$ cat entry_7.csv   # CSV, C-alpha atoms
chain,number,residue,atom,x,y,z
A,145,MET,CA,187.4,73.9,-162.0
A,146,ASP,CA,190.7,75.5,-160.6
A,147,GLY,CA,192.6,77.5,-163.2
A,148,ALA,CA,189.7,77.7,-165.6
A,149,LYS,CA,189.4,80.9,-167.6
A,150,PRO,CA,186.3,83.0,-166.7
A,151,SER,CA,183.6,83.1,-169.2
A,152,TYR,CA,182.6,86.1,-171.2
A,153,GLU,CA,179.6,86.8,-169.0
A,154,GLU,CA,181.8,86.6,-165.8
A,155,LEU,CA,184.3,89.0,-167.3
A,156,LYS,CA,181.5,91.4,-168.3
A,157,THR,CA,180.1,91.3,-164.7
A,158,ARG,CA,183.5,92.0,-163.2
A,159,LEU,CA,184.1,94.8,-165.6
A,160,ALA,CA,180.8,96.4,-164.7
A,161,ALA,CA,181.7,96.1,-161.0
A,162,VAL,CA,185.1,97.8,-161.6
A,163,GLU,CA,183.4,100.6,-163.5
A,164,ALA,CA,181.0,101.1,-160.6
A,165,MET,CA,184.0,101.2,-158.2
A,166,LEU,CA,185.8,103.8,-160.3
A,167,GLU,CA,182.6,105.9,-160.4
A,168,ALA,CA,182.3,105.6,-156.6
A,169,ILE,CA,185.9,106.7,-156.1
A,170,SER,CA,185.6,109.6,-158.5
A,171,SER,CA,182.5,110.8,-156.7
A,172,ASP,CA,184.3,110.6,-153.3
A,173,SER,CA,181.7,108.3,-151.8
A,174,VAL,CA,184.1,105.5,-150.8
A,175,ASP,CA,187.5,105.6,-149.3
A,176,ALA,CA,189.0,102.2,-150.1
A,177,LEU,CA,188.6,99.0,-152.2
A,178,ILE,CA,189.6,95.7,-150.8
A,179,GLY,CA,189.3,92.1,-152.0
A,180,GLU,CA,190.7,90.0,-154.8
A,181,GLN,CA,187.8,88.3,-156.6
A,182,GLY,CA,185.0,90.2,-155.0
A,183,VAL,CA,184.5,93.9,-154.4
A,184,TYR,CA,184.0,95.5,-151.0
A,185,LEU,CA,183.2,99.2,-150.6
A,186,LEU,CA,184.1,100.9,-147.3
A,187,ARG,CA,181.8,103.8,-147.2
A,188,LEU,CA,183.7,105.6,-144.5
A,189,HIS,CA,182.6,109.0,-145.6
A,190,GLU,CA,179.0,108.0,-145.2
A,191,VAL,CA,179.6,106.4,-141.8
A,192,GLU,CA,181.5,109.5,-140.6
A,193,LYS,CA,178.7,111.8,-141.9
A,194,ALA,CA,176.1,109.7,-140.0
A,195,LEU,CA,178.2,109.9,-136.8
A,196,ARG,CA,178.5,113.6,-137.1
A,197,GLU,CA,174.8,114.1,-137.6
A,198,SER,CA,174.0,111.8,-134.7
A,199,GLU,CA,176.5,113.7,-132.4
A,200,GLN,CA,175.0,117.0,-133.5
A,201,LYS,CA,171.5,115.8,-132.7
A,202,PHE,CA,172.6,114.6,-129.3
A,203,ARG,CA,174.4,117.9,-128.5
A,204,THR,CA,171.3,119.9,-129.6
A,205,ALA,CA,169.1,117.9,-127.4
A,206,PHE,CA,171.6,118.1,-124.5
A,207,ALA,CA,171.9,121.9,-124.8
A,208,ASN,CA,168.2,122.6,-125.2
A,209,ALA,CA,166.7,120.1,-122.8
A,210,ALA,CA,164.4,121.5,-120.1
A,211,VAL,CA,165.9,119.1,-117.6
A,212,GLY,CA,169.5,119.8,-116.3
A,213,PHE,CA,172.2,117.6,-117.8
A,214,ALA,CA,175.8,117.3,-116.4
A,215,LEU,CA,178.7,115.1,-117.3
A,216,THR,CA,181.5,114.5,-114.7
A,217,THR,CA,184.5,112.3,-114.2
A,218,PRO,CA,184.2,109.4,-111.6
A,219,ALA,CA,185.9,111.8,-109.2
A,220,GLY,CA,183.1,114.3,-109.6
A,221,ARG,CA,184.9,116.9,-111.9
A,222,PHE,CA,182.5,118.6,-114.2
A,223,VAL,CA,183.3,118.0,-117.9
A,224,ASP,CA,180.1,119.4,-119.5
A,225,SER,CA,176.6,120.7,-118.7
A,226,ASN,CA,173.7,122.4,-120.3
A,227,SER,CA,171.9,125.7,-119.7
A,228,ALA,CA,169.1,124.1,-117.6
A,229,TYR,CA,171.7,122.8,-115.2
A,230,SER,CA,173.2,126.3,-114.9
A,231,LEU,CA,169.7,127.7,-114.1
A,232,ILE,CA,169.4,125.2,-111.2
A,233,THR,CA,172.9,125.7,-109.8
A,234,GLY,CA,173.4,129.4,-110.6
A,235,TYR,CA,176.8,128.6,-112.2
A,236,ASP,CA,177.5,129.0,-115.9
A,237,ILE,CA,179.1,126.2,-117.8
A,238,GLU,CA,182.7,127.4,-117.6
A,239,ASP,CA,182.4,128.1,-113.8
A,240,LEU,CA,181.1,124.6,-113.3
A,241,LYS,CA,184.1,123.1,-115.1
A,242,ALA,CA,186.2,124.7,-112.3
A,243,LEU,CA,184.2,122.8,-109.6
A,244,ASP,CA,183.8,119.3,-108.3
A,245,LEU,CA,180.3,117.9,-107.8
A,246,GLN,CA,181.1,117.7,-104.0
A,247,GLN,CA,181.3,121.5,-103.9
A,248,LEU,CA,177.7,121.9,-105.0
A,249,ILE,CA,176.2,119.5,-102.5
A,250,HIS,CA,174.9,120.9,-99.2
A,251,PRO,CA,177.2,119.9,-96.4
A,252,ASP,CA,174.4,118.2,-94.5
A,253,ASP,CA,173.7,115.9,-97.5
A,254,LEU,CA,177.2,115.3,-98.7
A,255,ALA,CA,178.1,112.2,-96.7
A,256,GLU,CA,175.0,110.2,-97.7
A,257,THR,CA,175.2,111.3,-101.3
A,258,MET,CA,178.8,110.3,-101.7
A,259,LYS,CA,178.2,107.0,-100.0
A,260,LEU,CA,175.6,106.2,-102.7
A,261,ILE,CA,177.8,107.3,-105.5
A,262,ASP,CA,180.7,105.2,-104.2
A,263,ARG,CA,178.4,102.2,-104.1
A,264,MET,CA,177.5,102.8,-107.7
A,265,LEU,CA,181.1,103.2,-108.8
A,266,ALA,CA,182.0,99.9,-107.0
A,267,GLY,CA,179.3,98.1,-109.0
A,268,GLY,CA,176.8,97.7,-106.1
A,269,ILE,CA,174.0,99.6,-107.9
A,270,PRO,CA,173.6,100.3,-111.6
A,271,ASP,CA,172.1,103.8,-111.3
A,272,LEU,CA,170.6,106.1,-108.7
A,273,ILE,CA,167.8,108.6,-108.0
A,274,ILE,CA,168.9,111.0,-105.3
A,275,GLU,CA,167.1,113.9,-103.7
A,276,ASN,CA,169.5,116.3,-102.0
A,277,ARG,CA,170.2,120.0,-101.7
A,278,TYR,CA,172.6,122.0,-103.8
A,279,VAL,CA,174.2,125.3,-102.7
A,280,ARG,CA,173.8,127.7,-105.5
A,281,GLN,CA,176.4,130.3,-106.5
A,282,ASP,CA,174.3,133.0,-104.7
A,283,GLY,CA,174.4,130.9,-101.5
A,284,GLU,CA,170.7,129.8,-101.6
A,285,SER,CA,169.9,126.1,-101.2
A,286,VAL,CA,167.7,124.3,-103.7
A,287,TRP,CA,166.3,120.7,-103.6
A,288,VAL,CA,167.3,118.7,-106.6
A,289,ARG,CA,166.2,115.3,-107.8
A,290,ASN,CA,169.2,113.6,-109.6
A,291,SER,CA,168.9,110.6,-111.9
A,292,VAL,CA,172.5,109.4,-112.0
A,293,SER,CA,174.0,106.8,-114.4
A,294,LEU,CA,177.4,105.4,-114.9
A,295,VAL,CA,179.2,105.0,-118.2
A,296,ARG,CA,181.9,102.4,-118.2
A,297,ASN,CA,185.0,101.9,-120.4
A,298,GLU,CA,185.9,98.9,-122.5
A,299,GLU,CA,187.5,97.3,-119.5
A,300,GLY,CA,184.4,97.7,-117.4
A,301,GLY,CA,185.8,100.5,-115.2
A,302,PRO,CA,184.0,103.8,-114.5
A,303,ARG,CA,184.4,106.3,-117.3
A,304,TRP,CA,181.8,109.1,-116.9
A,305,ILE,CA,178.9,110.0,-114.6
A,306,ILE,CA,175.8,111.4,-116.3
A,307,ALA,CA,173.4,113.3,-114.1
A,308,LEU,CA,169.9,114.5,-115.0
A,309,ALA,CA,168.8,117.1,-112.5
A,310,GLU,CA,165.4,118.6,-111.7
A,311,ASP,CA,164.7,121.4,-109.3
A,312,VAL,CA,162.1,120.1,-106.9
A,313,THR,CA,162.3,122.9,-104.3
A,314,GLU,CA,158.8,124.1,-104.8
A,315,GLN,CA,157.5,120.5,-104.7
A,316,ARG,CA,159.3,119.9,-101.4
A,317,ARG,CA,157.9,123.2,-100.0
A,318,LEU,CA,154.3,122.2,-101.0
A,319,GLU,CA,154.8,118.7,-99.5
A,320,ASP,CA,156.1,120.2,-96.2
A,321,ALA,CA,153.1,122.6,-96.1
A,322,LEU,CA,150.7,119.7,-96.8
A,323,ARG,CA,152.3,117.7,-93.9
A,324,VAL,CA,151.9,120.6,-91.6
A,325,SER,CA,148.3,121.2,-92.7
A,326,ASN,CA,147.4,117.5,-92.2
A,327,GLN,CA,149.0,117.5,-88.8
A,328,ASP,CA,147.0,120.6,-87.9
A,329,LEU,CA,143.8,119.0,-89.1
A,330,THR,CA,144.6,115.9,-87.1
A,331,ASP,CA,145.3,117.9,-84.0
A,332,TYR,CA,142.1,120.0,-84.5
A,333,SER,CA,140.0,116.9,-85.0
A,334,HIS,CA,141.4,115.2,-81.9
A,335,ALA,CA,140.9,118.3,-79.8
A,336,LEU,CA,137.4,118.7,-81.1
A,337,THR,CA,136.3,115.2,-80.4
A,338,HIS,CA,138.1,115.1,-77.1
A,339,ASN,CA,136.6,118.4,-75.8
A,340,LEU,CA,133.1,117.7,-77.0
A,341,LYS,CA,132.9,114.2,-75.5
A,342,GLU,CA,132.9,115.5,-71.9
A,343,PRO,CA,129.9,117.9,-72.2
A,344,LEU,CA,128.0,115.2,-74.2
A,345,ARG,CA,128.7,112.7,-71.5
A,346,ALA,CA,127.4,115.2,-68.9
A,347,ILE,CA,124.2,115.7,-70.9
A,348,HIS,CA,123.8,112.0,-71.2
A,349,ASN,CA,124.0,111.6,-67.4
A,350,TYR,CA,121.5,114.4,-66.8
A,351,VAL,CA,119.0,112.7,-69.2
A,352,ASP,CA,119.5,109.4,-67.4
A,353,PHE,CA,118.9,111.2,-64.0
A,354,LEU,CA,115.7,112.7,-65.4
A,355,LEU,CA,114.4,109.5,-66.8
A,356,GLU,CA,115.1,107.7,-63.5
A,357,ASP,CA,113.7,110.4,-61.2
A,358,LEU,CA,110.6,110.9,-63.3
A,359,ALA,CA,110.1,107.3,-64.2
A,360,ASP,CA,106.7,107.2,-62.3
A,361,THR,CA,105.2,110.4,-63.7
A,362,LEU,CA,107.0,110.8,-67.1
A,363,GLU,CA,104.9,109.7,-70.1
A,364,GLY,CA,103.8,110.8,-73.6
A,365,GLU,CA,105.8,113.3,-75.6
A,366,PRO,CA,108.2,114.5,-72.8
A,367,LYS,CA,109.3,110.9,-72.3
A,368,ARG,CA,109.8,110.4,-76.1
A,369,TYR,CA,111.8,113.7,-76.2
A,370,LEU,CA,114.1,112.6,-73.5
A,371,GLU,CA,114.6,109.1,-75.0
A,372,GLY,CA,115.2,110.7,-78.4
A,373,ILE,CA,117.9,113.0,-76.8
A,374,LYS,CA,119.5,110.0,-75.2
A,375,LYS,CA,119.5,108.1,-78.5
A,376,SER,CA,121.1,111.0,-80.3
A,377,LEU,CA,123.8,111.4,-77.6
A,378,ILE,CA,124.7,107.7,-77.8
A,379,LYS,CA,125.1,108.0,-81.6
A,380,SER,CA,127.2,111.2,-81.3
A,381,HIS,CA,129.4,109.5,-78.7
A,382,GLN,CA,129.9,106.6,-81.1
A,383,GLN,CA,130.7,109.0,-84.0
A,384,PHE,CA,133.4,110.7,-81.8
A,385,GLN,CA,134.8,107.3,-80.9
A,386,ASP,CA,135.0,106.3,-84.6
A,387,LEU,CA,136.5,109.6,-85.6
A,388,GLU,CA,139.2,109.1,-83.0
A,389,ALA,CA,139.8,105.6,-84.3
A,390,LEU,CA,140.1,106.9,-87.8
A,391,TYR,CA,142.6,109.6,-87.1
A,392,SER,CA,144.6,107.5,-84.6
A,393,ILE,CA,145.4,105.0,-87.4
A,394,LYS,CA,147.5,107.7,-89.1
A,395,ASN,CA,149.7,108.2,-86.0
A,396,HIS,CA,149.6,104.6,-85.0
A,397,PRO,CA,153.2,103.2,-85.1
A,398,LEU,CA,153.4,100.0,-87.1
A,399,ASN,CA,154.1,97.1,-84.7
A,400,LEU,CA,155.2,94.3,-86.9
A,401,GLU,CA,155.1,91.0,-85.1
A,402,THR,CA,154.9,87.3,-85.9
A,403,PHE,CA,151.6,85.9,-84.8
A,404,GLU,CA,149.3,82.8,-85.3
A,405,MET,CA,146.5,83.9,-87.5
A,406,LYS,CA,144.4,81.0,-86.2
A,407,GLU,CA,144.7,82.4,-82.6
A,408,LEU,CA,143.4,85.8,-83.9
A,409,ILE,CA,140.5,84.1,-85.6
A,410,ASP,CA,139.7,82.1,-82.4
A,411,GLU,CA,139.7,85.4,-80.5
A,412,ILE,CA,137.3,87.0,-82.9
A,413,GLN,CA,135.0,84.0,-82.9
A,414,LEU,CA,134.6,84.3,-79.1
A,415,MET,CA,133.6,88.0,-79.5
A,416,PHE,CA,130.6,87.0,-81.7
A,417,LYS,CA,129.6,83.8,-79.9
A,418,GLY,CA,126.3,83.4,-78.1
A,419,THR,CA,123.6,84.7,-80.5
A,420,GLY,CA,121.1,82.2,-81.9
A,421,ASP,CA,120.4,83.8,-85.2
A,422,ARG,CA,124.1,84.5,-86.0
A,423,GLN,CA,126.7,82.1,-87.3
A,424,LEU,CA,130.4,82.9,-87.8
A,425,ILE,CA,132.2,80.3,-89.8
A,426,ALA,CA,136.0,80.3,-90.0
A,427,GLN,CA,138.4,78.5,-92.3
A,428,ARG,CA,140.4,75.9,-90.4
A,429,ASN,CA,143.9,76.2,-91.8
A,430,TRP,CA,145.6,79.6,-91.4
A,431,PRO,CA,149.2,80.6,-92.0
A,432,VAL,CA,151.6,82.3,-89.5
A,433,LEU,CA,151.9,86.0,-90.4
A,434,LYS,CA,154.4,88.7,-89.8
A,435,GLY,CA,152.6,92.0,-89.8
A,436,GLU,CA,150.4,94.4,-87.9
A,437,ARG,CA,148.1,92.3,-85.8
A,438,HIS,CA,146.1,95.2,-84.2
A,439,LEU,CA,145.0,96.8,-87.5
A,440,LEU,CA,144.3,93.5,-89.2
A,441,ARG,CA,142.0,92.6,-86.3
A,442,GLN,CA,140.3,96.0,-86.6
A,443,ILE,CA,139.5,95.4,-90.3
A,444,LEU,CA,138.1,91.9,-89.8
A,445,ILE,CA,135.9,92.9,-86.8
A,446,ASN,CA,134.4,95.8,-88.7
A,447,TRP,CA,133.6,93.6,-91.7
A,448,ILE,CA,132.1,90.8,-89.5
A,449,ARG,CA,129.9,93.3,-87.6
A,450,ASN,CA,128.6,94.8,-90.9
A,451,GLY,CA,127.9,91.3,-92.2
A,452,PHE,CA,125.6,90.7,-89.3
A,453,LYS,CA,124.1,94.2,-89.1
A,454,TYR,CA,123.2,94.6,-92.8
A,455,ASN,CA,121.4,91.3,-92.9
A,456,ASP,CA,117.8,90.4,-93.0
A,457,ALA,CA,118.2,86.6,-93.2
A,458,ASP,CA,116.6,84.4,-90.5
A,459,LEU,CA,120.0,82.9,-89.9
A,460,LYS,CA,122.7,85.5,-90.5
A,461,LYS,CA,125.9,83.8,-91.7
A,462,VAL,CA,129.4,85.3,-92.0
A,463,GLU,CA,132.4,83.3,-93.3
A,464,ILE,CA,136.0,84.3,-92.9
A,465,GLY,CA,138.9,82.7,-94.8
A,466,TRP,CA,142.0,83.3,-97.0
A,467,ARG,CA,143.4,82.2,-100.3
A,468,GLN,CA,146.3,82.7,-102.7
A,469,ALA,CA,145.9,85.4,-105.3
A,470,ALA,CA,147.7,86.6,-108.4
A,471,ASP,CA,150.9,88.6,-108.5
A,472,HIS,CA,152.4,87.0,-105.4
A,473,ARG,CA,149.6,88.2,-103.1
A,474,ILE,CA,147.1,86.6,-100.7
A,475,GLU,CA,143.6,87.7,-99.9
A,476,ILE,CA,141.8,87.5,-96.6
A,477,PHE,CA,138.0,87.6,-97.1
A,478,VAL,CA,134.8,88.0,-95.2
A,479,ARG,CA,131.7,86.8,-96.9
A,480,ASP,CA,128.1,87.3,-95.7
A,481,ASN,CA,124.5,86.4,-96.7
A,482,GLY,CA,123.3,89.9,-96.1
A,483,ILE,CA,121.4,92.5,-98.1
A,484,GLY,CA,124.2,93.1,-100.6
A,485,ILE,CA,125.4,96.3,-102.3
A,486,GLU,CA,124.6,97.5,-105.8
A,487,PRO,CA,127.7,97.5,-108.0
A,488,ARG,CA,127.5,101.3,-108.6
A,489,PHE,CA,128.1,101.9,-104.9
A,490,HIS,CA,131.2,99.5,-104.5
A,491,GLU,CA,133.8,102.3,-104.8
A,492,GLY,CA,132.0,104.9,-102.7
A,493,ILE,CA,131.3,102.8,-99.6
A,494,PHE,CA,134.9,103.3,-98.3
A,495,ARG,CA,134.5,107.1,-98.1
A,496,ILE,CA,133.9,108.7,-94.7
A,497,PHE,CA,130.3,109.4,-93.8
A,498,LYS,CA,129.1,107.6,-97.0
A,499,ARG,CA,126.0,105.7,-96.0
A,500,LEU,CA,123.6,103.7,-98.2
A,501,HIS,CA,120.8,103.4,-95.6
A,502,SER,CA,119.0,105.6,-93.2
A,503,ASP,CA,119.2,105.2,-89.4
A,504,CYS,CA,115.6,104.0,-89.5
A,505,ASP,CA,116.7,100.9,-91.5
A,506,TYR,CA,120.2,100.3,-90.2
A,507,GLY,CA,122.2,102.2,-87.5
A,508,GLY,CA,125.7,103.3,-88.0
A,509,THR,CA,128.1,106.3,-88.1
A,510,GLY,CA,129.2,106.1,-91.7
A,511,ILE,CA,132.9,105.9,-90.6
A,512,GLY,CA,133.5,102.1,-90.2
A,513,LEU,CA,134.6,101.3,-93.8
A,514,ALA,CA,136.6,104.5,-93.9
A,515,ILE,CA,138.5,103.1,-90.9
A,516,VAL,CA,139.0,99.9,-92.8
A,517,LYS,CA,140.4,101.7,-95.8
A,518,ARG,CA,142.9,103.7,-93.8
A,519,ALA,CA,144.0,100.6,-91.8
A,520,ALA,CA,144.4,98.7,-95.0
A,521,GLN,CA,146.5,101.5,-96.5
A,522,LYS,CA,148.6,101.6,-93.4
A,523,ILE,CA,149.6,97.9,-93.6
A,524,GLY,CA,150.2,98.1,-97.4
A,525,GLY,CA,146.9,96.3,-98.3
A,526,SER,CA,144.3,96.8,-101.0
A,527,LEU,CA,140.6,96.5,-100.7
A,528,ARG,CA,137.8,95.3,-103.1
A,529,VAL,CA,134.3,94.1,-102.8
A,530,GLU,CA,132.1,91.6,-104.7
A,531,SER,CA,128.4,92.1,-104.1
A,532,THR,CA,125.0,92.0,-105.7
A,533,LEU,CA,121.9,93.5,-104.1
A,534,GLY,CA,120.0,90.9,-102.2
A,535,GLU,CA,122.7,88.2,-102.6
A,536,GLY,CA,125.3,89.1,-99.9
A,537,SER,CA,128.8,90.6,-100.0
A,538,THR,CA,132.4,89.4,-100.0
A,539,PHE,CA,135.1,91.9,-98.9
A,540,TYR,CA,138.7,91.2,-99.8
A,541,LEU,CA,141.9,92.4,-98.2
A,542,GLY,CA,144.9,91.9,-100.5
A,543,LEU,CA,148.3,91.6,-98.9
A,544,PRO,CA,151.8,90.8,-100.2
A,545,GLU,CA,152.6,87.0,-100.0
A,546,SER,CA,155.7,87.9,-98.1
A,547,ILE,CA,153.6,88.6,-95.0
A,548,ILE,CA,153.4,84.8,-94.5
A,549,ASP,CA,156.2,83.6,-92.2
A,550,ARG,CA,157.5,80.6,-94.1
A,551,ALA,CA,159.7,79.6,-91.1
A,552,HIS,CA,156.5,78.4,-89.4
A,553,PRO,CA,154.7,75.7,-91.3
$ encode --input "entry_7.csv" --output "structure tokens"
Amino acid sequence: MDGAKPSYEELKTRLAAVEAMLEAISSDSVDALIGEQGVYLLRLHEVEKALRESEQKFRTAFANAAVGFALTTPAGRFVDSNSAYSLITGYDIEDLKALDLQQLIHPDDLAETMKLIDRMLAGGIPDLIIENRYVRQDGESVWVRNSVSLVRNEEGGPRWIIALAEDVTEQRRLEDALRVSNQDLTDYSHALTHNLKEPLRAIHNYVDFLLEDLADTLEGEPKRYLEGIKKSLIKSHQQFQDLEALYSIKNHPLNLETFEMKELIDEIQLMFKGTGDRQLIAQRNWPVLKGERHLLRQILINWIRNGFKYNDADLKKVEIGWRQAADHRIEIFVRDNGIGIEPRFHEGIFRIFKRLHSDCDYGGTGIGLAIVKRAAQKIGGSLRVESTLGEGSTFYLGLPESIIDRAHP
């Protein structure tokens, strides 16, 4: 009821609250009291103390971090940095404050770097990761990976630029050395296979001449020796061809084109037509793809050949198809009714020269599936196999769903 006098208990409660307020004021734990009926304590001292502690922790972490930190204005003027940043640039903190970020960046990298920063300031991208070169105070150049973020003011405009910098000079040097080594290895392998093919071809011809000229008199062990030499030469020639195919994939320029997958399947079916104990079954409906036709063809032909080769069935069947998969991907598969592969060998079969069978059982160079793996990596695909010994195998090539050209139904 309005105007009613408070009860004794209410007065007692309010008195206790007032006494608590007076105690809080006398202990300097509050700064003000507001309210008429109720009591509100503004613990400003506690808030300020928490803010000071938080700021101190941040500054300690900023100063002692192993990664370089720098704070600049949107125009690139240094405001603050830590000792790790000074180690990278060669400038101490006070010297940096007299510089602009642009003065640190190598002239050859400046235009592209500032283009990216301008896009970030304009709101085009929220943050950046940039690798560029800095020119240190001693004139040496270092490669730096920068993680750059923008802090905006209350109106949404750019306020500060925060950069986390890491010296990646040694990493870049090792990457360059690895690229050179890989190229040297590729050149050496190409030269080796190319130069050895000619003498092997000559030996093969001489063996053919001997077998032809001595056809009427050659028999027994001499004949078996020559036939064995010829067989080995044929295998060596195939190995060289496969090695050339393996290494050529690395330097093969990606030729992205739009093509009818159905036409590629028809072409492959013609290649395997005409053998009574073999049957290649292809799914009817195929999408139009935009990708690397040549490498995809190479993968499928290799799998189909293996499906027929490693197969003891009276009627050797290989099926080729495709399906939607998870994570916005598709899978093209080749399934056979062959001898199968034990699960413990599923990962290793894609390694070069990894063979599960001897030449006496099944011929081969041990390079075919390594070619498949490299071709799949080149086109951004992933490989997996499902197989049980004695029950056939299914090989899957996973590709991003975006490879399907939706403009062509």
$ residues_around --input "entry_7.csv" --residues "stretch 253-270 of chain A" --least-positions-apart "4" --cutoff "12 Å" --atoms "all atoms listed in the file" --output "ChimeraX atom specification"
/A:217-220,245-249,274-279,285,287-296,300-307
$ closest_residue --input "entry_7.csv" --among "A:Ala426, A:Leu272, A:Ile237, A:Leu541" --to "A:Leu440" --atoms "only C-alpha atoms"
A:Leu541
$ residues_around --input "entry_7.csv" --residues "A:Leu543" --least-positions-apart "4" --cutoff "10 Å" --atoms "only C-alpha atoms" --output "MDAnalysis selection string"
chainID A and resid 468:469 472:476 520 523:527 547:548
$ atom_distance --input "entry_7.csv" --atom1 "atom CA of A:Ala346" --atom2 "atom CA of A:Asn446"
28.6 Å
$ decode --input "entry_7.csv" --residues "stretch 467-480 of chain A" --atoms "N, CA, C and O atoms" --output "compact mmCIF listing (two decimals), in the first residue's frame"
# COMPACT_ATOMS: atom_id res chain seq x y z
N ARG A 467 29.82 -41.88 -58.03
CA ARG A 467 28.77 -41.64 -57.06
C ARG A 467 29.06 -40.38 -56.27
O ARG A 467 30.20 -39.91 -56.23
N GLN A 468 28.03 -39.82 -55.67
CA GLN A 468 28.20 -38.69 -54.73
C GLN A 468 28.82 -39.21 -53.44
O GLN A 468 28.51 -40.33 -53.00
N ALA A 469 29.68 -38.43 -52.84
CA ALA A 469 30.30 -38.80 -51.57
C ALA A 469 30.09 -37.68 -50.56
O ALA A 469 29.48 -36.65 -50.86
N ALA A 470 30.58 -37.89 -49.35
CA ALA A 470 30.41 -36.88 -48.30
C ALA A 470 31.33 -35.68 -48.54
O ALA A 470 32.24 -35.73 -49.37
N ASP A 471 31.08 -34.61 -47.78
CA ASP A 471 31.94 -33.41 -47.79
C ASP A 471 32.07 -32.80 -49.18
O ASP A 471 33.16 -32.38 -49.61
N HIS A 472 30.96 -32.75 -49.92
CA HIS A 472 30.92 -32.09 -51.22
C HIS A 472 31.96 -32.67 -52.18
O HIS A 472 32.71 -31.95 -52.85
N ARG A 473 32.04 -34.00 -52.23
CA ARG A 473 32.98 -34.67 -53.12
C ARG A 473 32.25 -35.74 -53.92
O ARG A 473 31.14 -36.15 -53.58
N ILE A 474 32.87 -36.15 -55.02
CA ILE A 474 32.39 -37.29 -55.78
C ILE A 474 33.48 -38.35 -55.77
O ILE A 474 34.66 -38.05 -55.50
N GLU A 475 33.10 -39.59 -56.06
CA GLU A 475 34.07 -40.67 -56.15
C GLU A 475 33.85 -41.42 -57.46
O GLU A 475 32.74 -41.81 -57.77
N ILE A 476 34.93 -41.57 -58.21
CA ILE A 476 34.93 -42.43 -59.40
C ILE A 476 35.59 -43.74 -58.98
O ILE A 476 36.65 -43.73 -58.35
N PHE A 477 34.94 -44.86 -59.27
CA PHE A 477 35.46 -46.13 -58.77
C PHE A 477 35.63 -47.15 -59.89
O PHE A 477 34.96 -47.09 -60.93
N VAL A 478 36.55 -48.09 -59.65
CA VAL A 478 36.77 -49.23 -60.53
C VAL A 478 36.74 -50.47 -59.64
O VAL A 478 37.54 -50.61 -58.71
N ARG A 479 35.80 -51.37 -59.93
CA ARG A 479 35.58 -52.56 -59.10
C ARG A 479 35.85 -53.81 -59.94
O ARG A 479 35.44 -53.89 -61.10
N ASP A 480 36.56 -54.79 -59.34
CA ASP A 480 36.85 -56.02 -60.08
C ASP A 480 36.52 -57.25 -59.23
O ASP A 480 36.28 -57.14 -58.02
